[in-house]
Structure formats: C-alpha cells, structure tokens
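Working notes, beginning with the structure itself.
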Amino acid sequence: MTRGTGQILVLAEDQPGLAALELSLLDRGLHVLRAAPSGAVRMMSDLSPDLVLVDPTQIEGRAAEMLSAPEAGMILVAMVAAPSPGRLRRAMELGARDFLVQPLSEDGEREAEVVMRTLGLHRRKGEMARRKEAESVWRLKKEITELKERYLRQCRAFDESQDVFYLDLSRMMTIFDNIMDGIVFTDPEGQVTLMNPVAEDLLGVKSFVAIGRPLSTCVRGKELVDEIVREQEQSRESGEPSESTFESLGPGGAVEYHKIRTTAVTDYRGSFAGILTVIKDVTAECKSDQMKNQYLSIVSHELRTPLTGIKTFATMMGKGALGKLPENQQRVIDSIREQSLRLEHEIDKLISLGRIESGDFAMDLEVFPIDELLRMVSEPFRQTARDRGIDLVLNLPEESPLVEADRDDLRRALQALVENAIKFTQDGGKVRISLATDADVLRVKVEDNGPGIEPKHRKRIFEKYFQVENPLTRHHGGAGLGLSVARGVAEAHGGFIEVESEPGRGAEFTVCLPVWREDEDYGRNETETASLIGADEER
Amino acid sequence: MDRTILIIEDEKLIIVSTQMVLESAGYHVESAMNGEDGIRKAREIKPDLILLDIMMPGIDGWETLTRLKREEGTSNIPVIIFTAREHARGHQKSSEMGAAGYFRKPFEPDELIELVEKHVGTGAGA
C-alpha cells in the first residue's frame, strides 16, 4: 500500500463505496473532506485541496472555471458512472487526470490506488518543475555574476581610457597654448569656441571675451579680422582649405604680414562642425624676402650699367662704327660682345633666383611678336656652341604670332631651356629651337640630341634645386633652377611646359603659350590672353 | 636738319655709348645727368625725343616724366623710358604716365635705332 500526504476534497453525494474509499485514503495518510457539489466553490477556495474527486456532470459555472485554471494547481479525478465518450470529453475539458468508475468498489482499495498514483505523478512533475526552476535560477545568478564582472571590467577600462583621454587632452592643450601660430576655432554659426594665447595677441582680444561671440563683433576695426572672416566664409562655401598672405598696418603704423589658413572641420558623421583658422605672423620672412629681392635688384642694376657700356661699344665697334677692323681684332671684339651677352644671361639668372621663391613672374606684360625674342634667345650661347661644335639652329615660320608676356621673364625661361640643351648635348651634337603655331596656341620647342632623360627623373626635373648628373661631365652644373623657372614663367603666362625624351635619343622641351589676340567678345577694348590651363581644365 | 635726341641719364658711360649708337644713325644727341637739368634742357632745345633713365639722384625718372608731361612746352615730346632695373608693371606704368616706350638696358643697338625711328623718323645721315 502506497502512502502519501495531501488534502483530498470529495464533491459528491453519499453513494455506495464512497465511505470505504475515504477510509482507504485516510489509511494512506491523506486528509479527506466531503462536500456536496453545490458547495464546490466555497470549499475549493477555503481549502485549496491538492486533489478533487467529483462527477464532472455535477460541476459547472464558477466551480468548473476554478477547477480547470492551471494556476489553482488542483488535480481533478473524475467519478463517472458508466463511462461514455461524452462524459469522458467533459471530464477532460475540466482537466481530469484520471477517472473512477461508479459504482465504486466495496472496499475502495482500487480507487484509493488510482488517487495515490495520480497524486504521485503530479508530485514528480512538480519536482521536475522545481528542479528546472532551480536550474534557471542558478543560471540567472551565474549570468548576473558575469554581467557584474563585465560591468566592473568596463568601468576599469573606462577609467583607464578616461585617464588616457585626459592625458591626451592635456597634451593637446599644452601644444595649443604653446604653439607659435595663432589658432581660432569657430562653430557653424561663426562664434568663437576656442582661441590660443598667440591668437589673443595677434587679434588683440582675450579668449574669455571672444568665446561665444562672432570674431567680427569682438574685435572691431581690425583689417586682419575682416580678412580672416572673408577666408572663413570662403572655406565654409568651398569646403576646401583656403590660404592667403595679408598685408596690413600694425599698431605702430609699420607694415605687417600675416599668413591665414582656414580649414572646414567635420564631425565623425561628416557634417560641418566649424572652421579652424591658423594665423601666422610672417612679417620677418616677407621683409627679408623683400630685402633680398631689393638687394638683387640693386646688384643687377649695378652690374647692368657697366655691361650696357661694354656691350654697346663692342657691338658698335664690331659693326665698324669706328672704322673697319683687321680680322683678328674683329674676332676679339665679337668675342667681347658674346661674353657680354653671357654675363647678361648670368645676371638674369640672379634675378630669377630672387623671384623663384616668391613666384613673382609675368609682372610686366607687353604685347610683342615672339620671333623678335626667339632671335635673341640663343645669342649668349653662340660662342659655347661654336667652341664645342654644336649646331645651334633656329627655325622660325614666316609669320610670327603676337604674345602678351613679360619679355624678360620669357627670355630667361627660354634661355634656361637652351642652356640646358647645350649643357647636355655632346660635342658635335645639335640643338634646335623652333616655333609652331595655330589659332590659339604657340609652341616653342627646344630639342637636343643628347643622352635624354631617364624616365625616373622626368617628373622631378622641374622641381627647384633638382639636378640630374650630367653624363657628359659627370658633375652638376648650376643651381638646378633653370627648368623650375621655365615652368613657373610658362604657367604665370597661362601656358605650360612639356617634355618628351627617350634615353639615348635626346630631349624635347615645349613651351606652350596662348596667342595674343584682340578680341572684342571679351567686352572691353583692352586685349585678353586666354589661359591654356583654364581651357585645359574645361576640357 | 638733324633730329635731336636728349638723353637724361646719370651714368656717363651709358650716355657716351648710347650717343655713339644714335650718332651712327645720323641723330644729333644732347645729354643731361639729372632730372632737373634734363627738364631745363628739354625746355630750351625742344628735342625730337627724350631717352629717360629711372634711377637717378635727385628727382627720379618717373617724377621727371610727370613734370615733362605737365609742362606745355615739353608735354608733346615723346619720352622713352630707359632702365636697367626691372619694375613690376613697368610697361603699363610708363604708358599710363604718357611715355612713348619702355626700353631695357643692356640693349641691342639695332633695336634702339628701330624704336627711335618709329617715333621721330630716320636720322639725317641714315
């Protein structure tokens, strides 16, 4: 006989065998209470029994709902008289786990065992559910522990990164405060958000005054600030960095120069977040440049004056102005003239040296036929070419186009190409200067049949101070500025320079310049020279 | 009658050598070694053309040009600027100030003669 614990509620009128069943259940350690089915609701809510024995046909309404609600946790064992499909379905609808067939046995033993088995099965299921519950609680605790550890780890990492961040910030601020250039940050509305001490000095305003206000309202009447605001607008509109050098009068009335660079700042999403402005006082550099150029200009003037005398006298004597000269004297005087041309070329190079840094080319434009200039270009090199047996040829078309250019700059540029060609051509070689032209572009070509230019050097030869070792002499000659000057001059006149060369087969430099034309389409009486660079970009 | 060219130039060497070039082409040459003397001489002799240096002691070439162009007696004389220094916008400046030409030293004698001929016609002996 199995034993158990629990409360059994019997909802039935007295019937044969029922008392015996109750006794058998009592014997098995269970508490048994009986009530009429009509009192089911009250009994079930008062007692919360573990198991209910009832005839399903006698249960309905609220009592039926209470029985079948899973949360009530009551097990139903149905007592059915003569089992039929309809009665069994009703029992199952109510959630019956088993059933007893009426009439009950006389001793109630069989029915008591059914009750005990049903109760036991239910308890085992409960046990399993509890175990599962315990397992999930344990898992949950474990997850919480892990989460806690992870949280602590993240807190530590955050603390560390915060330390690194503050260290970085401190470094940045130290740089920001100690850098020799003025730095100003403005937000998208143009209000100052950050300003370093150099900027405070340059703009004459303290950052605590400027921050939160537009720059133009906190520093009034300062030309430099107006220029900065203009540059900022330009960067904001174009999205490109903008740079300029600005000349203004300082507080003492002395001329000052400032380099201004503005860059648009974007946030991590790429949206516009303000403007960074860097201001540098370049007065000393500009003045030193001006002094250098002034010095070079004076030196060149001082050298040109006696040279004018020598060249003019030599030319006139060579032409027989003082009477016809004997052959040997004629040779000497021609040589003096050629050497004076060479000296003139060297002085020109000195001028170029001063201009190469500032890029001040094409400052004195005039309109003239290009052939006039080309005839003079090779003059200073005639004697060297003759001495080295180099055939120096000039090929000009019958009609020469006009060009608007700085005559001296253009002569220097072309002479740099000719000098270069002669330098890199072996004795007995050939250097040819030619002119080709179409409606808009004129091309001055300087070709030689020297050793050519290695492909690796081709891009670099126009860089300032870049020199290729001369394979003829195995040493460098000059300062490495000639080709750089030539390119600077060509570009300043709205043109460009090209080079073609195959090693061992000579080199060919072409200067392309816009042909000057009187063009009324430009809407003014003055003349216009179209820029080849601009035209190129449009294509 | 010979065409007269006045050279206003502070360097004797330049005067002598330029004179040689111009005389070889049949021109009569007068000279002055500073701006003020040059203006006075221009007033007196009324030359057919003036070659004017820029860098001179006292009043410089630009100032001399301004005064020559201001004065009724000399304002019609063509002036050619004659300089050994490179001036930014020198061509434009000289033409804006009323000069007839702008010429760089050292120069090619033939080019100088060509330029002078363009303004005053050929010299007597040429």
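Residues in the structure tokens are numbered from 1 in each chain, the chains being A, B, ... in the order shown, and ligands are numbered from 1 in the order shown.
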
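Residue list for chain B within 8 Å of chain A: B:Glu11, B:Leu13, B:Ile14, B:Ser17, B:Thr18, B:Met20, B:Val21, B:Ser24, B:Ala84, B:Arg85, B:Glu86, B:His87, B:Ala88, B:Arg89, B:Gly90, B:His91, B:Gln92, B:Lys105, B:Pro106, B:Phe107, B:Glu108, B:Pro109, counting only C-alpha atoms.
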
Residue subset to file, keeping C-alpha atoms, as a PDB file, in the first residue's frame:
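The resulting file, out-v8.pdb, is reproduced below:
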```pdb
ATOM      1  CA  GLU B  11      75.868 107.369 -65.968  1.00  0.00           C
ATOM      2  CA  LEU B  13      79.275 105.558 -69.750  1.00  0.00           C
ATOM      3  CA  ILE B  14      75.690 104.974 -70.841  1.00  0.00           C
ATOM      4  CA  SER B  17      77.788 104.548 -75.625  1.00  0.00           C
ATOM      5  CA  THR B  18      74.174 105.458 -76.458  1.00  0.00           C
ATOM      6  CA  MET B  20      77.637 106.506 -80.299  1.00  0.00           C
ATOM      7  CA  VAL B  21      74.695 104.338 -81.384  1.00  0.00           C
ATOM      8  CA  SER B  24      75.881 106.338 -86.105  1.00  0.00           C
ATOM      9  CA  ALA B  84      68.486  98.887 -66.096  1.00  0.00           C
ATOM     10  CA  ARG B  85      66.147  97.789 -63.323  1.00  0.00           C
ATOM     11  CA  GLU B  86      63.104  95.596 -63.617  1.00  0.00           C
ATOM     12  CA  HIS B  87      59.954  97.324 -62.473  1.00  0.00           C
ATOM     13  CA  ALA B  88      56.718  95.497 -61.757  1.00  0.00           C
ATOM     14  CA  ARG B  89      54.180  96.701 -64.356  1.00  0.00           C
ATOM     15  CA  GLY B  90      56.910  98.959 -65.815  1.00  0.00           C
ATOM     16  CA  HIS B  91      55.394  98.870 -69.308  1.00  0.00           C
ATOM     17  CA  GLN B  92      51.886  99.651 -68.106  1.00  0.00           C
ATOM     18  CA  LYS B 105      69.423  98.187 -70.595  1.00  0.00           C
ATOM     19  CA  PRO B 106      71.595  96.478 -71.764  1.00  0.00           C
ATOM     20  CA  PHE B 107      70.007  96.928 -75.170  1.00  0.00           C
ATOM     21  CA  GLU B 108      70.637  95.886 -78.742  1.00  0.00           C
ATOM     22  CA  PRO B 109      71.790  98.975 -80.731  1.00  0.00           C
TER      23      PRO B 109
END
```

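Within chain B, DSSP run on the backbone puts these residues in strand (DSSP E): Thr4, Ile5, Leu6, Ile7, Ile8, His28, Val29, Glu30, Ser31, Ala32, Leu49, Ile50, Leu51, Leu52, Val79, Ile80, Ile81, Phe82, Thr83, Gly101, Tyr102, Phe103 and Arg104 of chain B.
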
Out of B:Ile7, B:Leu115, B:Ile59, B:Ile50, which residue has the shortest atom-to-atom distance to B:Gly35 when counting only C-alpha atoms? B:Ile59

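The space between atom CA of A:Pro103 and atom CA of A:Arg62 spans 27.2 Å.
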
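Note that atom CA of A:Val446 and atom CA of A:Ala507 are 8.3 Å apart.
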
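We find atom CA of B:His28 and atom CA of B:Thr74 to be spaced 18.2 Å apart.
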
Filtered DSSP result for stretch 450-520 of chain A, state helix (DSSP H, G or I), as a list in words: Pro455, Lys456, His457, Arg458, Gly482, Leu483, Ser484, Val485, Ala486, Arg487, Gly488, Val489, Ala490, Glu491, Ala492 and Glu520 of chain A

With only C-alpha atoms as the counted atoms, please give the residues lying no more than 10 Å from B:Glu36, apart from itself and same-chain residues fewer than 2 positions off, as an MDAnalysis selection string. chainID B and resid 8 32:34 38:42 58:60 63:64 67

Residues near B:Thr83, cut-off 6 Å, only C-alpha atoms, skip fewer than 6 positions along chain, as number ranges by chain: B: 53-54, 104-105

I need the chosen residues saved as an mmCIF file, in the first residue's frame, with all heavy atoms.
```cif
data_model
loop_
_atom_site.group_PDB
_atom_site.id
_atom_site.type_symbol
_atom_site.label_atom_id
_atom_site.label_comp_id
_atom_site.auth_asym_id
_atom_site.auth_seq_id
_atom_site.Cartn_x
_atom_site.Cartn_y
_atom_site.Cartn_z
ATOM 1 N N ASP B 53 66.252 107.875 -68.090
ATOM 2 C CA ASP B 53 66.603 106.834 -67.110
ATOM 3 C C ASP B 53 65.661 106.953 -65.901
ATOM 4 O O ASP B 53 65.097 108.027 -65.662
ATOM 5 C CB ASP B 53 68.072 107.048 -66.677
ATOM 6 C CG ASP B 53 68.566 105.941 -65.761
ATOM 7 O OD1 ASP B 53 68.000 104.820 -65.818
ATOM 8 O OD2 ASP B 53 69.511 106.194 -64.975
ATOM 9 N N ILE B 54 65.502 105.892 -65.143
ATOM 10 C CA ILE B 54 64.618 105.956 -63.965
ATOM 11 C C ILE B 54 65.413 106.256 -62.691
ATOM 12 O O ILE B 54 65.121 107.182 -61.948
ATOM 13 C CB ILE B 54 63.837 104.626 -63.775
ATOM 14 C CG1 ILE B 54 62.935 104.337 -64.966
ATOM 15 C CG2 ILE B 54 63.027 104.649 -62.469
ATOM 16 C CD1 ILE B 54 61.681 105.133 -65.052
ATOM 17 N N ARG B 104 64.810 98.381 -72.142
ATOM 18 C CA ARG B 104 65.658 97.863 -71.079
ATOM 19 C C ARG B 104 67.134 97.927 -71.441
ATOM 20 O O ARG B 104 67.514 97.709 -72.587
ATOM 21 C CB ARG B 104 65.244 96.414 -70.801
ATOM 22 C CG ARG B 104 63.939 96.288 -70.003
ATOM 23 C CD ARG B 104 64.193 96.615 -68.543
ATOM 24 N NE ARG B 104 65.384 95.914 -68.115
ATOM 25 C CZ ARG B 104 65.424 94.622 -67.836
ATOM 26 N NH1 ARG B 104 64.329 93.908 -67.892
ATOM 27 N NH2 ARG B 104 66.541 94.040 -67.484
ATOM 28 N N LYS B 105 67.959 98.221 -70.436
ATOM 29 C CA LYS B 105 69.423 98.187 -70.595
ATOM 30 C C LYS B 105 69.925 96.894 -69.976
ATOM 31 O O LYS B 105 69.391 96.520 -68.931
ATOM 32 C CB LYS B 105 70.069 99.367 -69.857
ATOM 33 C CG LYS B 105 69.752 100.703 -70.465
ATOM 34 C CD LYS B 105 70.418 101.835 -69.710
ATOM 35 C CE LYS B 105 69.631 102.225 -68.472
ATOM 36 N NZ LYS B 105 70.049 103.482 -67.847
#
```

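Taking only C-alpha atoms into account, A:Gln426 lies nearest to A:Asp387 out of the set A:Glu143, A:Glu399, A:Asp387, A:Glu518.
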
Find the residues around stretch 10-20 of chain A up to 8 Å (only C-alpha atoms counted), leave out those fewer than 4 positions away in its own chain, and share them as a PDB file with all heavy atoms, in the first residue's frame.
```
ATOM      1  N   SER A  24     -10.020   4.311   3.060  1.00  0.00           N
ATOM      2  CA  SER A  24      -8.760   3.834   2.451  1.00  0.00           C
ATOM      3  C   SER A  24      -7.782   4.992   2.263  1.00  0.00           C
ATOM      4  O   SER A  24      -6.575   4.853   2.461  1.00  0.00           O
ATOM      5  CB  SER A  24      -9.029   3.223   1.073  1.00  0.00           C
ATOM      6  OG  SER A  24      -9.823   2.096   1.203  1.00  0.00           O
ATOM      7  N   VAL A  32      -9.114  13.823   4.143  1.00  0.00           N
ATOM      8  CA  VAL A  32     -10.249  13.745   3.219  1.00  0.00           C
ATOM      9  C   VAL A  32     -11.406  14.581   3.768  1.00  0.00           C
ATOM     10  O   VAL A  32     -11.719  14.520   4.950  1.00  0.00           O
ATOM     11  CB  VAL A  32     -10.696  12.285   3.024  1.00  0.00           C
ATOM     12  CG1 VAL A  32     -11.823  12.196   2.003  1.00  0.00           C
ATOM     13  CG2 VAL A  32      -9.521  11.433   2.598  1.00  0.00           C
ATOM     14  N   LEU A  33     -12.000  15.368   2.920  1.00  0.00           N
ATOM     15  CA  LEU A  33     -13.184  16.142   3.299  1.00  0.00           C
ATOM     16  C   LEU A  33     -14.224  15.924   2.218  1.00  0.00           C
ATOM     17  O   LEU A  33     -13.891  15.839   1.033  1.00  0.00           O
ATOM     18  CB  LEU A  33     -12.854  17.626   3.371  1.00  0.00           C
ATOM     19  CG  LEU A  33     -12.295  18.111   4.694  1.00  0.00           C
ATOM     20  CD1 LEU A  33     -11.620  19.449   4.501  1.00  0.00           C
ATOM     21  CD2 LEU A  33     -13.385  18.200   5.742  1.00  0.00           C
ATOM     22  N   ARG A  34     -15.461  15.864   2.635  1.00  0.00           N
ATOM     23  CA  ARG A  34     -16.510  15.672   1.637  1.00  0.00           C
ATOM     24  C   ARG A  34     -17.465  16.863   1.696  1.00  0.00           C
ATOM     25  O   ARG A  34     -17.762  17.381   2.747  1.00  0.00           O
ATOM     26  CB  ARG A  34     -17.272  14.381   1.906  1.00  0.00           C
ATOM     27  CG  ARG A  34     -18.247  14.069   0.754  1.00  0.00           C
ATOM     28  CD  ARG A  34     -19.292  13.063   1.073  1.00  0.00           C
ATOM     29  NE  ARG A  34     -18.756  11.777   1.448  1.00  0.00           N
ATOM     30  CZ  ARG A  34     -19.529  10.762   1.798  1.00  0.00           C
ATOM     31  NH1 ARG A  34     -20.842  10.895   1.821  1.00  0.00           N
ATOM     32  NH2 ARG A  34     -19.005   9.616   2.171  1.00  0.00           N
ATOM     33  N   ALA A  35     -17.953  17.229   0.513  1.00  0.00           N
ATOM     34  CA  ALA A  35     -18.967  18.285   0.446  1.00  0.00           C
ATOM     35  C   ALA A  35     -19.895  17.976  -0.714  1.00  0.00           C
ATOM     36  O   ALA A  35     -19.501  17.263  -1.640  1.00  0.00           O
ATOM     37  CB  ALA A  35     -18.302  19.635   0.217  1.00  0.00           C
ATOM     38  N   ALA A  36     -21.036  18.579  -0.657  1.00  0.00           N
ATOM     39  CA  ALA A  36     -21.970  18.392  -1.768  1.00  0.00           C
ATOM     40  C   ALA A  36     -21.481  19.216  -2.945  1.00  0.00           C
ATOM     41  O   ALA A  36     -20.867  20.271  -2.743  1.00  0.00           O
ATOM     42  CB  ALA A  36     -23.351  18.884  -1.358  1.00  0.00           C
ATOM     43  N   PRO A  37     -21.676  18.766  -4.211  1.00  0.00           N
ATOM     44  CA  PRO A  37     -21.188  19.523  -5.380  1.00  0.00           C
ATOM     45  C   PRO A  37     -21.694  20.974  -5.371  1.00  0.00           C
ATOM     46  O   PRO A  37     -20.991  21.856  -5.855  1.00  0.00           O
ATOM     47  CB  PRO A  37     -21.764  18.753  -6.559  1.00  0.00           C
ATOM     48  CG  PRO A  37     -22.007  17.363  -6.054  1.00  0.00           C
ATOM     49  CD  PRO A  37     -22.358  17.476  -4.602  1.00  0.00           C
ATOM     50  N   ALA A  40     -19.185  23.456  -3.957  1.00  0.00           N
ATOM     51  CA  ALA A  40     -17.823  23.298  -4.526  1.00  0.00           C
ATOM     52  C   ALA A  40     -17.004  24.578  -4.468  1.00  0.00           C
ATOM     53  O   ALA A  40     -15.863  24.576  -4.023  1.00  0.00           O
ATOM     54  CB  ALA A  40     -17.929  22.814  -5.970  1.00  0.00           C
ATOM     55  N   VAL A  52      -9.187  16.801  -6.227  1.00  0.00           N
ATOM     56  CA  VAL A  52     -10.645  16.886  -6.091  1.00  0.00           C
ATOM     57  C   VAL A  52     -11.258  15.676  -6.794  1.00  0.00           C
ATOM     58  O   VAL A  52     -10.885  15.364  -7.938  1.00  0.00           O
ATOM     59  CB  VAL A  52     -11.187  18.188  -6.730  1.00  0.00           C
ATOM     60  CG1 VAL A  52     -12.705  18.243  -6.587  1.00  0.00           C
ATOM     61  CG2 VAL A  52     -10.554  19.408  -6.092  1.00  0.00           C
ATOM     62  N   LEU A  53     -12.139  15.000  -6.066  1.00  0.00           N
ATOM     63  CA  LEU A  53     -12.859  13.877  -6.665  1.00  0.00           C
ATOM     64  C   LEU A  53     -14.274  14.373  -6.926  1.00  0.00           C
ATOM     65  O   LEU A  53     -14.961  14.826  -6.014  1.00  0.00           O
ATOM     66  CB  LEU A  53     -12.929  12.711  -5.672  1.00  0.00           C
ATOM     67  CG  LEU A  53     -11.728  11.760  -5.614  1.00  0.00           C
ATOM     68  CD1 LEU A  53     -11.893  10.789  -4.460  1.00  0.00           C
ATOM     69  CD2 LEU A  53     -11.586  10.996  -6.905  1.00  0.00           C
ATOM     70  N   VAL A  54     -14.725  14.319  -8.181  1.00  0.00           N
ATOM     71  CA  VAL A  54     -16.043  14.875  -8.469  1.00  0.00           C
ATOM     72  C   VAL A  54     -16.618  14.248  -9.740  1.00  0.00           C
ATOM     73  O   VAL A  54     -15.858  13.819 -10.618  1.00  0.00           O
ATOM     74  CB  VAL A  54     -15.950  16.411  -8.594  1.00  0.00           C
ATOM     75  CG1 VAL A  54     -15.229  16.818  -9.849  1.00  0.00           C
ATOM     76  CG2 VAL A  54     -17.322  17.065  -8.546  1.00  0.00           C
ATOM     77  N   ASP A  55     -17.912  14.261  -9.843  1.00  0.00           N
ATOM     78  CA  ASP A  55     -18.569  13.822 -11.074  1.00  0.00           C
ATOM     79  C   ASP A  55     -18.672  15.044 -11.978  1.00  0.00           C
ATOM     80  O   ASP A  55     -19.355  16.014 -11.639  1.00  0.00           O
ATOM     81  CB  ASP A  55     -19.974  13.285 -10.730  1.00  0.00           C
ATOM     82  CG  ASP A  55     -20.696  12.786 -11.979  1.00  0.00           C
ATOM     83  OD1 ASP A  55     -20.191  13.099 -13.124  1.00  0.00           O
ATOM     84  OD2 ASP A  55     -21.735  12.143 -11.836  1.00  0.00           O
ATOM     85  N   PRO A 103     -20.513   2.271 -10.154  1.00  0.00           N
ATOM     86  CA  PRO A 103     -20.362   2.330  -8.685  1.00  0.00           C
ATOM     87  C   PRO A 103     -18.972   1.952  -8.236  1.00  0.00           C
ATOM     88  O   PRO A 103     -18.274   1.205  -8.923  1.00  0.00           O
ATOM     89  CB  PRO A 103     -21.388   1.311  -8.188  1.00  0.00           C
ATOM     90  CG  PRO A 103     -21.580   0.360  -9.335  1.00  0.00           C
ATOM     91  CD  PRO A 103     -21.334   1.106 -10.592  1.00  0.00           C
ATOM     92  N   LEU A 104     -18.562   2.533  -7.098  1.00  0.00           N
ATOM     93  CA  LEU A 104     -17.215   2.303  -6.557  1.00  0.00           C
ATOM     94  C   LEU A 104     -17.138   0.912  -5.954  1.00  0.00           C
ATOM     95  O   LEU A 104     -18.157   0.301  -5.612  1.00  0.00           O
ATOM     96  CB  LEU A 104     -16.912   3.361  -5.485  1.00  0.00           C
ATOM     97  CG  LEU A 104     -17.029   4.824  -5.944  1.00  0.00           C
ATOM     98  CD1 LEU A 104     -16.985   5.761  -4.762  1.00  0.00           C
ATOM     99  CD2 LEU A 104     -15.941   5.164  -6.944  1.00  0.00           C
ATOM    100  N   SER A 105     -15.937   0.392  -5.822  1.00  0.00           N
ATOM    101  CA  SER A 105     -15.788  -0.953  -5.227  1.00  0.00           C
ATOM    102  C   SER A 105     -16.165  -0.899  -3.752  1.00  0.00           C
ATOM    103  O   SER A 105     -16.161   0.189  -3.155  1.00  0.00           O
ATOM    104  CB  SER A 105     -14.347  -1.431  -5.400  1.00  0.00           C
ATOM    105  OG  SER A 105     -13.483  -0.596  -4.674  1.00  0.00           O
ATOM    106  N   GLU A 106     -16.402  -2.015  -3.215  1.00  0.00           N
ATOM    107  CA  GLU A 106     -16.892  -2.055  -1.821  1.00  0.00           C
ATOM    108  C   GLU A 106     -15.827  -1.589  -0.829  1.00  0.00           C
ATOM    109  O   GLU A 106     -16.088  -0.821   0.089  1.00  0.00           O
ATOM    110  CB  GLU A 106     -17.343  -3.472  -1.447  1.00  0.00           C
ATOM    111  CG  GLU A 106     -18.722  -3.777  -2.005  1.00  0.00           C
ATOM    112  CD  GLU A 106     -19.206  -5.181  -1.644  1.00  0.00           C
ATOM    113  OE1 GLU A 106     -18.562  -5.826  -0.772  1.00  0.00           O
ATOM    114  OE2 GLU A 106     -20.208  -5.616  -2.247  1.00  0.00           O
ATOM    115  N   ASP A 107     -14.562  -2.053  -1.057  1.00  0.00           N
ATOM    116  CA  ASP A 107     -13.519  -1.660  -0.076  1.00  0.00           C
ATOM    117  C   ASP A 107     -12.815  -0.351  -0.447  1.00  0.00           C
ATOM    118  O   ASP A 107     -12.065   0.224   0.323  1.00  0.00           O
ATOM    119  CB  ASP A 107     -12.469  -2.773   0.083  1.00  0.00           C
ATOM    120  CG  ASP A 107     -11.814  -3.145  -1.232  1.00  0.00           C
ATOM    121  OD1 ASP A 107     -12.138  -2.467  -2.286  1.00  0.00           O
ATOM    122  OD2 ASP A 107     -10.948  -4.027  -1.268  1.00  0.00           O
ATOM    123  N   GLY A 108     -13.018   0.114  -1.667  1.00  0.00           N
ATOM    124  CA  GLY A 108     -12.425   1.405  -2.082  1.00  0.00           C
ATOM    125  C   GLY A 108     -10.920   1.329  -2.330  1.00  0.00           C
ATOM    126  O   GLY A 108     -10.278   2.333  -2.630  1.00  0.00           O
TER     127      GLY A 108
END
```

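Among the candidates A:Leu169, A:Val515, A:Val229, A:Met79, the residue lying nearest to A:Val101 is A:Met79 (atoms considered: only C-alpha atoms).
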
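Using only C-alpha atoms, the protein and nucleic acid residues lying no more than 6 Å from B:Ile80, apart from those fewer than 4 places from it along its own chain, are Leu51, Ala99, Ala100, Gly101 and Tyr102 of chain B.
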